[in-house]
Amino acid sequence: MIKRILVALSGTPCTQSAIAHGVELAKAHDAELSGVTVIDPDRLHDVGPIPIGGAAAAHELAEHRVRLAGEHIEEAIGQFEKACGDAGVTNRVLRESGDSAQRLLADWRYHDLTVIGLRGLFEYGVLHDHGHLVLDVIGAGLRPLLAVNETHRPIRSAMVAYEGSALSARAMKAFCMLGIWKPMPVTIACFKGQNGDPEELLTDAASYLEAHTFPATKKRVEEKPRHAILDTMESCDADLLVMGAAKRTRIGRKMLGDTARYALENSTRPIFLHH
């Protein structure tokens, strides 16, 4: 049951899409939508090496970055509140300050699903982290998660990346059992390197999906997922990729695995992640 959804108002090109997906799901589940903004003063004031005699200019630049971030935060909040108001969705805004990943993870604890952009978090036209914060929060265990691209794409079909591991099975089961989306056509894709006989894995997984009223199509791919997962999703014309991703350990986001990292950094379609 989904009753509280968290949407990251990140100030990136993905923000509008994240809001649209959040509103759609909130309406479908009669859920409350929380829009979260995070401003990190330390990162905004870090303008890099300061040359001799450049302290005043550096201070002015830092203050400009703070003002610009504030303006973009208010713009994102305005977009969020308007979208919720137009749709009649109960909503609230969480204005956070501090380390972006830590604040998002703190709010995630009290929500059933988090929606973020694939291409960055809390940049507001000022910071450019090339998405590393996305990998940080996912590596830290922020699941279940819907990561979306710049262009809003209604989710009417899905592809489950399945290779017989407990990780991929948990993602498939969460997709079915959480009831986030109504039953839709699903392609169950098994790639080279699977844990077991591929035909047996495909048959068992398809049977599980169909038991949850998701019409299933089996697809065997003779390539490793790292190289073929996104092309396979596009060839199936799936609107959503369902996959597992490991929690963070002492070696950090490397534990996400090459396939999950590649998909998050390159996908043009939404990804549902679970662990």
# chains A, B, ... in the order shown; residues from 1 in each chain; ligands from 1
call {"tool": "select_by_dssp", "arguments": {"residues": "region 18-185 of chain A", "states": "strand (DSSP E)", "output": "ChimeraX atom specification"}}
result
/A:32-39,91-97,113-117,145-148,158-161
call {"tool": "residues_around", "arguments": {"residues": "region 175-181 of chain A", "least_positions_apart": "6", "cutoff": "7 Å", "atoms": "only C-alpha atoms", "output": "NGL selection string"}}
result
:A and (1-2 or 212)
call {"tool": "closest_residue", "arguments": {"among": "A:Ile229, A:Leu201, A:Leu145, A:Val38", "to": "Glu163 (chain A)", "atoms": "only C-alpha atoms"}}
result
A:Leu201
call {"tool": "closest_residue", "arguments": {"among": "A:Gly11, A:Gly35, A:Gly70, A:Pro144", "to": "Arg119 (chain A)", "atoms": "only C-alpha atoms"}}
result
A:Gly11
call {"tool": "atom_distance", "arguments": {"atom1": "CA of Glu222 (chain A)", "atom2": "CA of Tyr162 (chain A)"}}
result
13.4 Å
call {"tool": "closest_residue", "arguments": {"among": "A:Gly22, A:Pro185, A:Gly196, A:Pro270", "to": "Thr90 (chain A)", "atoms": "only C-alpha atoms"}}
result
A:Gly22
call {"tool": "closest_atom_pairs", "arguments": {"of": "region 136-253 of chain A", "to": "region 103-111 of chain A", "cutoff": "12 Å", "atoms": "only C-alpha atoms", "output": "CSV"}}
result
residue,atom,partner,partner_atom,distance
A:Asp136,CA,A:Leu105,CA,10.2
A:Val137,CA,A:Leu105,CA,7.0
A:Ile138,CA,A:Leu105,CA,9.5
A:Gly139,CA,A:Leu105,CA,11.0
A:Ala140,CA,A:Leu105,CA,8.2
A:Gly141,CA,A:Leu105,CA,8.6
A:Leu142,CA,A:Leu105,CA,6.7
A:Arg143,CA,A:Trp108,CA,8.5
A:Pro144,CA,A:Trp108,CA,9.6
A:Leu145,CA,A:Trp108,CA,9.9
call {"tool": "write_last_selection", "arguments": {"atoms": "N, CA and C atoms", "output": "short mmCIF file (atom, residue, chain, number, x, y, z; two decimals), in the first residue's frame"}}
result
data_model
loop_
_atom_site.label_atom_id
_atom_site.label_comp_id
_atom_site.auth_asym_id
_atom_site.auth_seq_id
_atom_site.Cartn_x
_atom_site.Cartn_y
_atom_site.Cartn_z
N ASP A 136 25.03 8.08 -4.83
CA ASP A 136 25.27 8.05 -3.38
C ASP A 136 24.03 7.61 -2.62
N VAL A 137 22.87 8.23 -2.91
CA VAL A 137 21.67 7.91 -2.13
C VAL A 137 21.16 6.52 -2.46
N ILE A 138 21.33 6.09 -3.71
CA ILE A 138 20.93 4.73 -4.07
C ILE A 138 21.86 3.73 -3.41
N GLY A 139 23.15 4.02 -3.44
CA GLY A 139 24.12 3.14 -2.80
C GLY A 139 23.91 3.05 -1.30
N ALA A 140 23.35 4.09 -0.70
CA ALA A 140 23.09 4.09 0.74
C ALA A 140 21.81 3.34 1.11
N GLY A 141 21.08 2.86 0.11
CA GLY A 141 19.92 2.01 0.39
C GLY A 141 18.58 2.67 0.20
N LEU A 142 18.51 3.79 -0.51
CA LEU A 142 17.24 4.47 -0.71
C LEU A 142 16.40 3.69 -1.74
N ARG A 143 15.49 2.87 -1.26
CA ARG A 143 14.60 2.06 -2.08
C ARG A 143 13.27 1.92 -1.33
N PRO A 144 12.17 1.61 -1.97
CA PRO A 144 12.03 1.55 -3.42
C PRO A 144 12.11 2.95 -4.02
N LEU A 145 12.58 2.97 -5.24
CA LEU A 145 12.91 4.23 -5.87
C LEU A 145 12.43 4.22 -7.32
#
